[in-house]
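Novice: Here it is, the structure, as structure tokens.
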Amino acid sequence: MTEQEEIGQLRTALHEHNYKYYVLNAPSISDYEFDRMMRRLQDLEQKHPELYDANSPTMRVGSDLSKEFKQVKHQYPMLSLGNTYSETEVTEFYNRVQKALGSEPFELCAELKFDGTSISLLYEHRRLVQAVTRGDGVQGDDVTDNVRTIRTIPLQLRGDDVPDRFEIRGEILMPWQVFDELNREREAREEPLFANPRNAASGTLKLQNSAEVARRRLDAYLYYVLGEGIPGDSHYENLQAARRWGFKVSDAIRLCRSLREVFEYIAYWDVQRKQLPVATDGIVLKVNSLRQQTELGYTAKSPRWAIAYKFQAERALTALRSVSFQVGRTGAVTPVANLEPVLLAGTVVKRASLHNADIIEGLDLHIGDQVYVEKGGEIIPKITGVELDARSASLGEKVRFIGNCPECGTPLVRYEGEAAHYCPNDAGCPPQIKGRIEHFISRKAMDIDGLGPETVDLFYQEGLIRSAADLYGLTARQIAPLERMGEKSAERILAGLEQSRAVPFERVLFALGIRFVGETVARTLARAFGSMERLASATYEDLLSIHEIGERIAGSVRAFFADPQEQALVARLREYGLQMETAAPEAAPGGGALAGKSVVVSGVFSRHSREEYKQLIERHGGKNATSLSSKTSFLLAGENMGPAKKEKAAKLGIPIVGEEEFLQMIAE
Ligand code: IVH
């Protein structure tokens with residue numbers, strides 16, 4: 001077998017196994033075997049760039065290259081559906097259809113209304129060629145690269161009745177489980193949470209980095225096949241065909257021949273949907289026969305042959321007992337409503353988020369008010385309104401946002417353009433100090449065995465720690481006598497701290513709790529700069545030149561390293577022996593291709609960032625110099641290099657080397 005044939009075979013087999021695993025939930029080989037085949041294919045594809053295929057199973061992992069989305073016009077506009085919350089209007093819809101079709105019998109296809117973001121997929125000759133968002137209905141964003149990472153969307157179709165060219169529409173979803181995980185991670189990083197899986201799915205689909213999209217594990221259900229030459233003459237048949245071709249089509253589809261059947265379907269799914277792994281917000285009724293659909297036609301906005309019935313968001317009325325204010329690790333103050341416990345969507349709700357001062361003001365909240373609590377697609381219940389009719393003459397006290405920190409009394413501040421209030425006393429406010437230490441020891445950061453939030457609280461109360469660095473100065477004699485401690489616990493904690501000295505630099509960086517520097521960003525920064533020292537001395541521009549680092553992160557990193565207190569923290573952690581640089585990359589043997597060379601890097605590059613080039617130079621035995629001199633071996637020049645530098649190089653007779661040429665020099 002030639003390597004070309006092997007590539008073909010591996011691609012076919014991996015498409016098949018992907019389908020079995022993700023769409024059918026019935027894998028027929030082990031994960032190990034799957035990974036082995038995938039790696040083999042990756043190797044072969046790297047060796048044979050001429051056999052590139054945008055739909056290869058290897059494309060599922062996405063790419064780190066960012067790109068702007070191209071706008072694409074929809075061949076058939078993406079209309080929306082008429083919406084109703086009322087069963088009476090469903091009956092009216094039914095009667096309207098009946099009337100328009102004369103007394104001809106008809107069937108309705110009842111389906112779940114998935115609550116994600118809609119997508120239109122175009123297939124030609126069995127291959128996915130384009131994926132476009134709804135946009136304004138007329139044109140949307142081409143998000144094909146991101147969609148290729150969604151494992152339940154086939155890149156290559158199966159079966160013998162696949163039309164040459166057709167479009168299929170559906171909903172891209174973030175399963176509840178993935179959504180919860182993602183929000184937990186975001187909470188840990190104090191990044192804004194996604195309100196619901198719908199926002200999370202559409203936000204993810206618009207990410208510029210398809211590798212990150214791949215990590216978010218989106219799912220998709222398809223519900224509408226259109227185009228010329230599609231096999232069936234009913235909607236239902238076409239969906240069954242689509243399922244055979246490899247698409248994920250919901251099993252919760254039922255053909256209804258009467259209104260009674262429609263209402264049975266609604267009643268059943270209004271309850272059962274809570275067991276589903278993805279969010280749904282109603283049901284959709286579609287006239288099944290395509291001929292009848294054509295007969296019914298469209299209004300300007302939506303088809304006359306379909307309607308969406310939306311489930312009522314679950315809502316409860318209860319009394320507001322009090323409002324408390326919580327201070328987080330970054331000093332952000334969150335108002336929380338304490339409620340008379342009430343049953344909502346199967347759980348007892350006692351607290352609800354009030355978000356910020358503007359929301360409290362907008363609701364004109366008073367203590368004792370009867371308030372509406374809702375749990376729509378959201379995880380955290382929220383207060384959506386006040387029942388004014390329930391207000392008695394003895395109106396409770398008006399809820400006002402506090403002016404001082406509830407923990408340390410410092411006057412709060414509100415930064416321009418931000419909704420939140422902050423306690424600026426980061427050095428002295430207990431929940432901020434404890435929050436930072438808790439973050440430092442957390443599993444994804446330093447992961448220190450034997451230490452948890454309670455222990456941090458205890459040590460703090462005892463006056464033993466005021467910063468993460470203090471942990472490393474603790475002794476068994478200090479710990480063992482404390483309540484709930486003892487020799488064993490003390491030993492375990494000290495051993496945990498000792499072991500944490502080996503935690504890699506990228507996690508130390510994450511543990512510092514720099515605002516907006518989550519796990520992924522910490523990894524990116526660690527790779528780009530290689531050491532704490534270089535990161536600390538990086539300029540704003542250096543930071544911005546790194547792929548994926550924007551102004552917000554760059555500003556926050558600069559502010560962190562400019563703060564004397566943080567400088568002191570980092571210095572102490574360094575003294576205690578924590579990892580302050582990435583594990584040394586294999587040093588260039590025999591000095592490397594650039595041994596003895598002094599290089600100046602300038603301009604903007606397209607293949608790697610400037611910082612990455614500096615690392616490459618060191619890795620290959622060269623030295624980075626900051627300014628041109630007679631000792632400079634060559635100037636590595638990207639785009640937009642200033643004319644002054646060019647002139648100076650020419651004057652000193654220093655060779656100018658371009659990006660590609662440089663990569664050839666070091667053969668990477
Ligand atoms: S059919 C012309 N079926 O709901 C009919 N839509 O406003 C095209 N949706 O934009 C839509 N589940 O994003 C259809 N089973 C389902 C659906 C569904 C969710 C979404 C879709 C559409 C919106 C309706």
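Going by the structure tokens order, chains are called A, B, ..., each with residues numbered from 1, while ligands are numbered from 1 in the order shown.
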Can you tell me which residues sit at most 9 Å away from ligand 1, counting only C-alpha atoms and all ligand atoms, written as a count of residues only?

Specialist: 41

Novice: Quick one: everything within 7 Å of A:Cys256, counting only C-alpha atoms, minus sequence neighbours fewer than 4 positions away in the same chain. Send it as a PyMOL selection string.

Specialist: chain A and resi 107-110+261-262

Novice: Would you save the residues of that selection, restricted to C-alpha atoms, as an mmCIF file, in the first residue's frame?

Specialist:
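And here's result_39.cif as it stands now:
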```cif
data_model
loop_
_atom_site.group_PDB
_atom_site.id
_atom_site.type_symbol
_atom_site.label_atom_id
_atom_site.label_comp_id
_atom_site.auth_asym_id
_atom_site.auth_seq_id
_atom_site.Cartn_x
_atom_site.Cartn_y
_atom_site.Cartn_z
ATOM 1 C CA GLU A 107 -49.924 15.850 9.101
ATOM 2 C CA LEU A 108 -47.837 17.997 11.393
ATOM 3 C CA CYS A 109 -44.305 17.067 12.226
ATOM 4 C CA ALA A 110 -43.714 17.934 15.885
ATOM 5 C CA GLU A 261 -51.698 14.464 19.408
ATOM 6 C CA VAL A 262 -49.966 17.844 19.205
#
```

Novice: Within 9 Å of A:Ile383, counting only C-alpha atoms, which residues show up once you throw out same-chain ones fewer than 3 positions away? Write them as a ChimeraX atom specification, please.

Specialist: /A:337,352-354,363,371-374,386

Novice: Keeping only N, CA and C atoms, write the selected residues as an mmCIF file, in the first residue's frame.

Specialist:
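Generated file (result-v1.cif):
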```cif
data_model
loop_
_atom_site.group_PDB
_atom_site.id
_atom_site.type_symbol
_atom_site.label_atom_id
_atom_site.label_comp_id
_atom_site.auth_asym_id
_atom_site.auth_seq_id
_atom_site.Cartn_x
_atom_site.Cartn_y
_atom_site.Cartn_z
ATOM 1 N N ALA A 337 -29.579 38.481 46.469
ATOM 2 C CA ALA A 337 -30.873 38.566 47.147
ATOM 3 C C ALA A 337 -31.069 37.327 48.001
ATOM 4 N N ALA A 352 -30.671 34.621 44.926
ATOM 5 C CA ALA A 352 -30.670 34.918 43.498
ATOM 6 C C ALA A 352 -29.727 36.073 43.249
ATOM 7 N N SER A 353 -29.175 36.089 42.056
ATOM 8 C CA SER A 353 -28.221 37.145 41.737
ATOM 9 C C SER A 353 -28.950 38.452 41.436
ATOM 10 N N LEU A 354 -28.378 39.540 41.891
ATOM 11 C CA LEU A 354 -28.928 40.861 41.547
ATOM 12 C C LEU A 354 -27.964 41.627 40.646
ATOM 13 N N LEU A 363 -35.120 47.897 39.259
ATOM 14 C CA LEU A 363 -36.251 47.131 39.811
ATOM 15 C C LEU A 363 -36.964 47.901 40.923
ATOM 16 N N VAL A 371 -41.133 39.156 44.913
ATOM 17 C CA VAL A 371 -40.357 39.262 43.668
ATOM 18 C C VAL A 371 -40.511 38.002 42.815
ATOM 19 N N TYR A 372 -40.374 38.190 41.510
ATOM 20 C CA TYR A 372 -40.404 37.052 40.588
ATOM 21 C C TYR A 372 -38.991 36.524 40.402
ATOM 22 N N VAL A 373 -38.823 35.213 40.596
ATOM 23 C CA VAL A 373 -37.529 34.580 40.375
ATOM 24 C C VAL A 373 -37.686 33.689 39.162
ATOM 25 N N GLU A 374 -36.731 33.762 38.254
ATOM 26 C CA GLU A 374 -36.813 32.967 37.037
ATOM 27 C C GLU A 374 -35.573 32.131 36.864
ATOM 28 N N VAL A 386 -40.867 42.836 40.225
ATOM 29 C CA VAL A 386 -41.483 42.993 41.542
ATOM 30 C C VAL A 386 -42.996 42.979 41.341
#
```

Novice: Where in stretch 301-518 of chain A does DSSP assign helix (DSSP H, G or I), given as a PyMOL selection string?

Specialist: chain A and resi 357-363+388-390+430-441+453-461+468-471+476-479+487-500+505-511

Novice: Hey, what's within 12 Å of A:Arg414 if we count only C-alpha atoms and toss same-chain stuff fewer than 2 positions away? As a list of chain:residue names, please?

Specialist: A:Gly331, A:Ala332, A:Val333, A:Asn356, A:Ala357, A:Asp358, A:Phe401, A:Ile402, A:Gly403, A:Asn404, A:Pro411, A:Leu412, A:Glu416, A:Gly417, A:Glu418, A:Ala419, A:Ala420, A:His421, A:Tyr422, A:Cys423, A:Pro424

Novice: With all heavy atoms retained, write the just-selected residues as a short mmCIF file (atom, residue, chain, number, x, y, z; two decimals), in the first residue's frame.

Specialist:
```
data_model
loop_
_atom_site.label_atom_id
_atom_site.label_comp_id
_atom_site.auth_asym_id
_atom_site.auth_seq_id
_atom_site.Cartn_x
_atom_site.Cartn_y
_atom_site.Cartn_z
N GLY A 331 -11.98 41.90 44.24
CA GLY A 331 -12.56 43.06 44.89
C GLY A 331 -13.93 43.43 44.35
O GLY A 331 -14.58 44.36 44.86
N ALA A 332 -14.39 42.74 43.30
CA ALA A 332 -15.71 43.02 42.75
C ALA A 332 -16.77 42.69 43.79
O ALA A 332 -16.70 41.66 44.46
CB ALA A 332 -15.94 42.20 41.49
N VAL A 333 -17.75 43.60 43.94
CA VAL A 333 -18.79 43.41 44.94
C VAL A 333 -20.08 42.96 44.24
O VAL A 333 -20.56 43.65 43.34
CB VAL A 333 -19.04 44.72 45.71
CG1 VAL A 333 -20.14 44.54 46.74
CG2 VAL A 333 -17.75 45.19 46.38
N ASN A 356 -25.87 43.92 39.65
CA ASN A 356 -25.16 45.17 39.95
C ASN A 356 -26.13 46.28 40.37
O ASN A 356 -27.34 46.09 40.40
CB ASN A 356 -24.33 45.62 38.74
CG ASN A 356 -25.20 45.82 37.51
OD1 ASN A 356 -26.24 46.49 37.59
ND2 ASN A 356 -24.81 45.24 36.41
N ALA A 357 -25.56 47.43 40.68
CA ALA A 357 -26.33 48.55 41.22
C ALA A 357 -27.44 49.00 40.26
O ALA A 357 -28.55 49.32 40.68
CB ALA A 357 -25.39 49.72 41.52
N ASP A 358 -27.14 49.01 38.96
CA ASP A 358 -28.13 49.48 38.00
C ASP A 358 -29.37 48.60 37.99
O ASP A 358 -30.49 49.08 37.84
CB ASP A 358 -27.52 49.50 36.58
CG ASP A 358 -26.39 50.50 36.49
OD1 ASP A 358 -26.34 51.40 37.37
OD2 ASP A 358 -25.56 50.38 35.57
N PHE A 401 -27.48 50.19 46.91
CA PHE A 401 -26.14 49.61 46.81
C PHE A 401 -25.28 50.26 47.88
O PHE A 401 -25.45 51.43 48.19
CB PHE A 401 -25.54 49.85 45.42
CG PHE A 401 -24.54 48.80 45.05
CD1 PHE A 401 -24.94 47.65 44.40
CD2 PHE A 401 -23.20 48.94 45.38
CE1 PHE A 401 -24.03 46.66 44.07
CE2 PHE A 401 -22.28 47.96 45.06
CZ PHE A 401 -22.70 46.81 44.40
N ILE A 402 -24.38 49.48 48.46
CA ILE A 402 -23.57 50.02 49.54
C ILE A 402 -22.47 50.94 49.01
O ILE A 402 -22.06 50.83 47.86
CB ILE A 402 -22.90 48.87 50.34
CG1 ILE A 402 -22.35 47.84 49.36
CG2 ILE A 402 -23.90 48.24 51.31
CD1 ILE A 402 -21.59 46.74 50.01
N GLY A 403 -22.00 51.82 49.85
CA GLY A 403 -20.96 52.75 49.45
C GLY A 403 -19.59 52.30 49.95
O GLY A 403 -18.55 52.71 49.43
N ASN A 404 -19.59 51.42 51.00
CA ASN A 404 -18.33 50.97 51.58
C ASN A 404 -18.25 49.46 51.55
O ASN A 404 -19.28 48.78 51.58
CB ASN A 404 -18.21 51.44 53.02
CG ASN A 404 -18.06 52.95 53.10
OD1 ASN A 404 -19.03 53.67 52.85
ND2 ASN A 404 -16.89 53.41 53.41
N PRO A 411 -14.21 52.81 51.09
CA PRO A 411 -15.19 53.29 50.11
C PRO A 411 -15.01 52.56 48.77
O PRO A 411 -13.89 52.37 48.30
CB PRO A 411 -14.85 54.78 49.96
CG PRO A 411 -14.13 55.14 51.21
CD PRO A 411 -13.40 53.90 51.65
N LEU A 412 -16.14 52.15 48.19
CA LEU A 412 -16.08 51.40 46.93
C LEU A 412 -15.85 52.35 45.76
O LEU A 412 -16.18 53.53 45.83
CB LEU A 412 -17.39 50.63 46.71
CG LEU A 412 -17.72 49.60 47.78
CD1 LEU A 412 -19.03 48.89 47.43
CD2 LEU A 412 -16.60 48.58 47.93
N GLU A 416 -14.88 53.47 35.07
CA GLU A 416 -15.63 53.92 33.91
C GLU A 416 -15.96 52.75 32.98
O GLU A 416 -15.12 51.90 32.71
CB GLU A 416 -14.79 54.95 33.15
CG GLU A 416 -15.61 55.61 32.12
CD GLU A 416 -15.13 57.02 31.84
OE1 GLU A 416 -14.60 57.67 32.76
OE2 GLU A 416 -15.31 57.43 30.69
N GLY A 417 -17.19 52.72 32.54
CA GLY A 417 -17.60 51.70 31.58
C GLY A 417 -17.86 50.33 32.21
O GLY A 417 -18.18 49.38 31.53
N GLU A 418 -17.69 50.20 33.53
CA GLU A 418 -17.96 48.91 34.17
C GLU A 418 -19.17 49.00 35.06
O GLU A 418 -19.43 50.02 35.69
CB GLU A 418 -16.74 48.46 34.99
CG GLU A 418 -15.64 47.90 34.12
CD GLU A 418 -14.69 47.01 34.90
OE1 GLU A 418 -15.16 46.14 35.65
OE2 GLU A 418 -13.47 47.19 34.75
N ALA A 419 -19.94 47.92 35.08
CA ALA A 419 -21.17 47.93 35.86
C ALA A 419 -20.90 47.63 37.33
O ALA A 419 -21.67 48.00 38.20
CB ALA A 419 -22.14 46.91 35.29
N ALA A 420 -19.79 46.95 37.59
CA ALA A 420 -19.52 46.49 38.96
C ALA A 420 -18.86 47.55 39.82
O ALA A 420 -18.18 48.45 39.32
CB ALA A 420 -18.63 45.25 38.90
N HIS A 421 -19.08 47.44 41.13
CA HIS A 421 -18.36 48.25 42.11
C HIS A 421 -17.20 47.41 42.64
O HIS A 421 -17.34 46.20 42.79
CB HIS A 421 -19.26 48.61 43.29
CG HIS A 421 -20.22 49.72 42.97
ND1 HIS A 421 -21.33 49.54 42.20
CD2 HIS A 421 -20.21 51.03 43.35
CE1 HIS A 421 -21.98 50.69 42.10
NE2 HIS A 421 -21.33 51.61 42.79
N TYR A 422 -16.11 48.07 42.98
CA TYR A 422 -14.95 47.35 43.50
C TYR A 422 -14.50 47.91 44.83
O TYR A 422 -14.59 49.12 45.05
CB TYR A 422 -13.77 47.46 42.53
CG TYR A 422 -13.93 46.63 41.30
CD1 TYR A 422 -14.55 47.14 40.17
CD2 TYR A 422 -13.47 45.32 41.26
CE1 TYR A 422 -14.73 46.37 39.03
CE2 TYR A 422 -13.65 44.54 40.12
CZ TYR A 422 -14.27 45.07 39.01
OH TYR A 422 -14.44 44.31 37.90
N CYS A 423 -13.97 47.03 45.67
CA CYS A 423 -13.27 47.48 46.86
C CYS A 423 -11.80 47.61 46.46
O CYS A 423 -11.17 46.62 46.08
CB CYS A 423 -13.41 46.45 47.99
SG CYS A 423 -12.24 46.78 49.33
N PRO A 424 -11.25 48.81 46.51
CA PRO A 424 -9.88 49.01 46.01
C PRO A 424 -8.81 48.56 47.00
O PRO A 424 -7.63 48.57 46.67
CB PRO A 424 -9.81 50.53 45.80
CG PRO A 424 -10.78 51.10 46.79
CD PRO A 424 -11.88 50.08 46.97
#
```

Novice: Check the smallest atom-to-atom distance from each of A:Arg329, A:Pro453, A:Leu155, A:Arg443 to A:Glu187 using only C-alpha atoms, then report the winner.

Specialist: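 The shortest atom-to-atom distance to A:Glu187 comes from A:Arg329.
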
Novice: Rank nothing, just name the residue among A:Val413, A:Leu317, A:Met446, A:Leu226 nearest to A:Leu388, using only C-alpha atoms.

Specialist: A:Leu317

Novice: So that I can check the secondary structure, give me every residue of stretch 333-500 of chain A assigned strand (DSSP E) by backbone DSSP, as a PyMOL selection string.

Specialist: chain A and resi 333-344+347-353+370-375+382-386+421-422

Novice: Calculate how many Å separate atom CA of A:Gln292 from atom CA of A:Gly102, rounding to one decimal.

Specialist: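 Atom CA of A:Gly102 lies at a distance of 10.9 Å from atom CA of A:Gln292.
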
Novice: Set the distance at 12 Å and use only C-alpha atoms: which residues neighbour A:Pro655 once local chain neighbours fewer than 4 positions away are removed? I'd like the list as a short mmCIF file (atom, residue, chain, number, x, y, z; two decimals) with C-alpha atoms, in the first residue's frame.

Specialist:
```cif
data_model
loop_
_atom_site.label_atom_id
_atom_site.label_comp_id
_atom_site.auth_asym_id
_atom_site.auth_seq_id
_atom_site.Cartn_x
_atom_site.Cartn_y
_atom_site.Cartn_z
CA SER A 598 24.06 38.27 17.84
CA VAL A 599 20.64 39.01 16.35
CA VAL A 600 18.29 41.98 16.47
CA LEU A 628 22.06 47.45 16.14
CA SER A 630 28.93 46.66 14.66
CA LYS A 631 28.69 43.36 16.62
CA THR A 632 25.24 42.50 15.25
CA SER A 633 25.42 39.42 13.02
CA PHE A 634 22.13 40.10 11.24
CA LEU A 635 18.79 41.84 11.55
CA LEU A 636 15.72 39.61 11.51
CA ALA A 637 13.17 41.90 9.91
CA LYS A 645 16.56 50.85 11.49
CA LYS A 646 16.88 49.86 7.86
CA GLU A 647 19.19 52.77 7.16
CA LYS A 648 21.32 52.07 10.18
CA ALA A 649 21.66 48.40 9.19
CA ALA A 650 22.71 49.43 5.70
CA LYS A 651 25.25 51.90 7.11
CA GLU A 661 14.97 32.87 5.20
CA PHE A 662 15.48 32.80 8.96
#
```

Novice: Distance atom CA of A:Asp142-atom CA of A:Glu181, one decimal place?

Specialist: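 Between atom CA of A:Asp142 and atom CA of A:Glu181 the gap works out to 27.5 Å.
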
Novice: Point out the residue among A:Leu14, A:Ala480, A:Val287, A:Ile29 with the least atom-to-atom distance to A:Ser234, counting only C-alpha atoms.

Specialist: A:Val287

Novice: Could you name the residues that touch A:Asn624 at 10 Å or less, counting only C-alpha atoms, but leaving out those on the same chain fewer than 2 positions away, as a list in words?

Specialist: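 What passes the distance filter is Lys597, Ser598, Val599, Val600, Val601, Tyr613, Lys614, Gln615, Ile617, Glu618, Gly622, Thr626, Ser627 and Thr632 of chain A.
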
Novice: Save the residues we just selected, N, CA, C and O atoms, as a PDB file, in the first residue's frame?

Specialist:
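Result file part-v5.pdb:
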```pdb
ATOM      1  N   LYS A 597      26.158  33.978  17.246  1.00  0.00           N
ATOM      2  CA  LYS A 597      25.575  35.086  16.474  1.00  0.00           C
ATOM      3  C   LYS A 597      24.783  36.016  17.394  1.00  0.00           C
ATOM      4  O   LYS A 597      24.104  35.571  18.325  1.00  0.00           O
ATOM      5  N   SER A 598      24.848  37.295  17.096  1.00  0.00           N
ATOM      6  CA  SER A 598      24.059  38.269  17.839  1.00  0.00           C
ATOM      7  C   SER A 598      22.992  38.817  16.886  1.00  0.00           C
ATOM      8  O   SER A 598      23.318  39.292  15.802  1.00  0.00           O
ATOM      9  N   VAL A 599      21.733  38.698  17.277  1.00  0.00           N
ATOM     10  CA  VAL A 599      20.644  39.008  16.352  1.00  0.00           C
ATOM     11  C   VAL A 599      19.730  40.091  16.924  1.00  0.00           C
ATOM     12  O   VAL A 599      19.429  40.093  18.123  1.00  0.00           O
ATOM     13  N   VAL A 600      19.298  41.000  16.060  1.00  0.00           N
ATOM     14  CA  VAL A 600      18.289  41.983  16.468  1.00  0.00           C
ATOM     15  C   VAL A 600      16.997  41.645  15.730  1.00  0.00           C
ATOM     16  O   VAL A 600      17.019  41.399  14.521  1.00  0.00           O
ATOM     17  N   VAL A 601      15.897  41.587  16.469  1.00  0.00           N
ATOM     18  CA  VAL A 601      14.607  41.255  15.856  1.00  0.00           C
ATOM     19  C   VAL A 601      13.768  42.523  15.799  1.00  0.00           C
ATOM     20  O   VAL A 601      13.658  43.248  16.789  1.00  0.00           O
ATOM     21  N   TYR A 613      10.212  34.327  18.051  1.00  0.00           N
ATOM     22  CA  TYR A 613      11.472  34.386  17.311  1.00  0.00           C
ATOM     23  C   TYR A 613      12.651  34.561  18.249  1.00  0.00           C
ATOM     24  O   TYR A 613      13.706  33.944  18.079  1.00  0.00           O
ATOM     25  N   LYS A 614      12.444  35.384  19.296  1.00  0.00           N
ATOM     26  CA  LYS A 614      13.549  35.584  20.250  1.00  0.00           C
ATOM     27  C   LYS A 614      13.908  34.261  20.915  1.00  0.00           C
ATOM     28  O   LYS A 614      15.075  33.950  21.113  1.00  0.00           O
ATOM     29  N   GLN A 615      12.869  33.483  21.239  1.00  0.00           N
ATOM     30  CA  GLN A 615      13.138  32.179  21.858  1.00  0.00           C
ATOM     31  C   GLN A 615      13.851  31.243  20.901  1.00  0.00           C
ATOM     32  O   GLN A 615      14.746  30.502  21.291  1.00  0.00           O
ATOM     33  N   ILE A 617      15.806  32.024  18.552  1.00  0.00           N
ATOM     34  CA  ILE A 617      17.206  32.441  18.432  1.00  0.00           C
ATOM     35  C   ILE A 617      18.018  31.841  19.568  1.00  0.00           C
ATOM     36  O   ILE A 617      19.064  31.232  19.351  1.00  0.00           O
ATOM     37  N   GLU A 618      17.488  31.959  20.789  1.00  0.00           N
ATOM     38  CA  GLU A 618      18.232  31.415  21.933  1.00  0.00           C
ATOM     39  C   GLU A 618      18.345  29.902  21.848  1.00  0.00           C
ATOM     40  O   GLU A 618      19.384  29.324  22.135  1.00  0.00           O
ATOM     41  N   GLY A 622      21.870  31.368  19.517  1.00  0.00           N
ATOM     42  CA  GLY A 622      22.151  32.780  19.267  1.00  0.00           C
ATOM     43  C   GLY A 622      21.849  33.646  20.473  1.00  0.00           C
ATOM     44  O   GLY A 622      21.334  33.177  21.486  1.00  0.00           O
ATOM     45  N   THR A 626      19.364  44.184  21.663  1.00  0.00           N
ATOM     46  CA  THR A 626      18.234  45.107  21.541  1.00  0.00           C
ATOM     47  C   THR A 626      18.480  46.174  20.489  1.00  0.00           C
ATOM     48  O   THR A 626      17.550  46.661  19.866  1.00  0.00           O
ATOM     49  N   SER A 627      19.748  46.547  20.300  1.00  0.00           N
ATOM     50  CA  SER A 627      19.971  47.584  19.283  1.00  0.00           C
ATOM     51  C   SER A 627      21.102  47.183  18.346  1.00  0.00           C
ATOM     52  O   SER A 627      21.971  46.368  18.688  1.00  0.00           O
ATOM     53  N   THR A 632      26.446  43.217  15.673  1.00  0.00           N
ATOM     54  CA  THR A 632      25.242  42.500  15.254  1.00  0.00           C
ATOM     55  C   THR A 632      25.546  41.617  14.052  1.00  0.00           C
ATOM     56  O   THR A 632      26.130  42.084  13.070  1.00  0.00           O
TER      57      THR A 632
END
```

Novice: Skipping near chain neighbours, those fewer than 6 positions away, what residues fall within 10 Å of A:Tyr21 using only C-alpha atoms, listed as a ChimeraX atom specification?

Specialist: /A:15,27-29,31,151-152

Novice: Out of A:Arg243, A:Lys488, A:Arg527, A:Lys20, which residue has the shortest atom-to-atom distance to A:Arg507 when counting only C-alpha atoms?

Specialist: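 Closest residue, counting only C-alpha atoms: A:Arg527.
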
Novice: What does the structure give for the distance between atom CA of A:Leu259 and atom CA of A:Pro231, in Å to one decimal?

Specialist: 28.2 Å

Novice: May I ask which of the residues A:Gly396, A:Lys444, A:Gln326, A:Gln565 is the closest one to A:Gly428, counting only C-alpha atoms?

Specialist: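 The shortest atom-to-atom distance to A:Gly428 comes from A:Gln565.
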
Novice: Taking only C-alpha atoms into account, which of A:Asp364, A:Asp141, A:Glu487, A:Glu397 comes nearest A:Arg321?

Specialist: A:Glu397
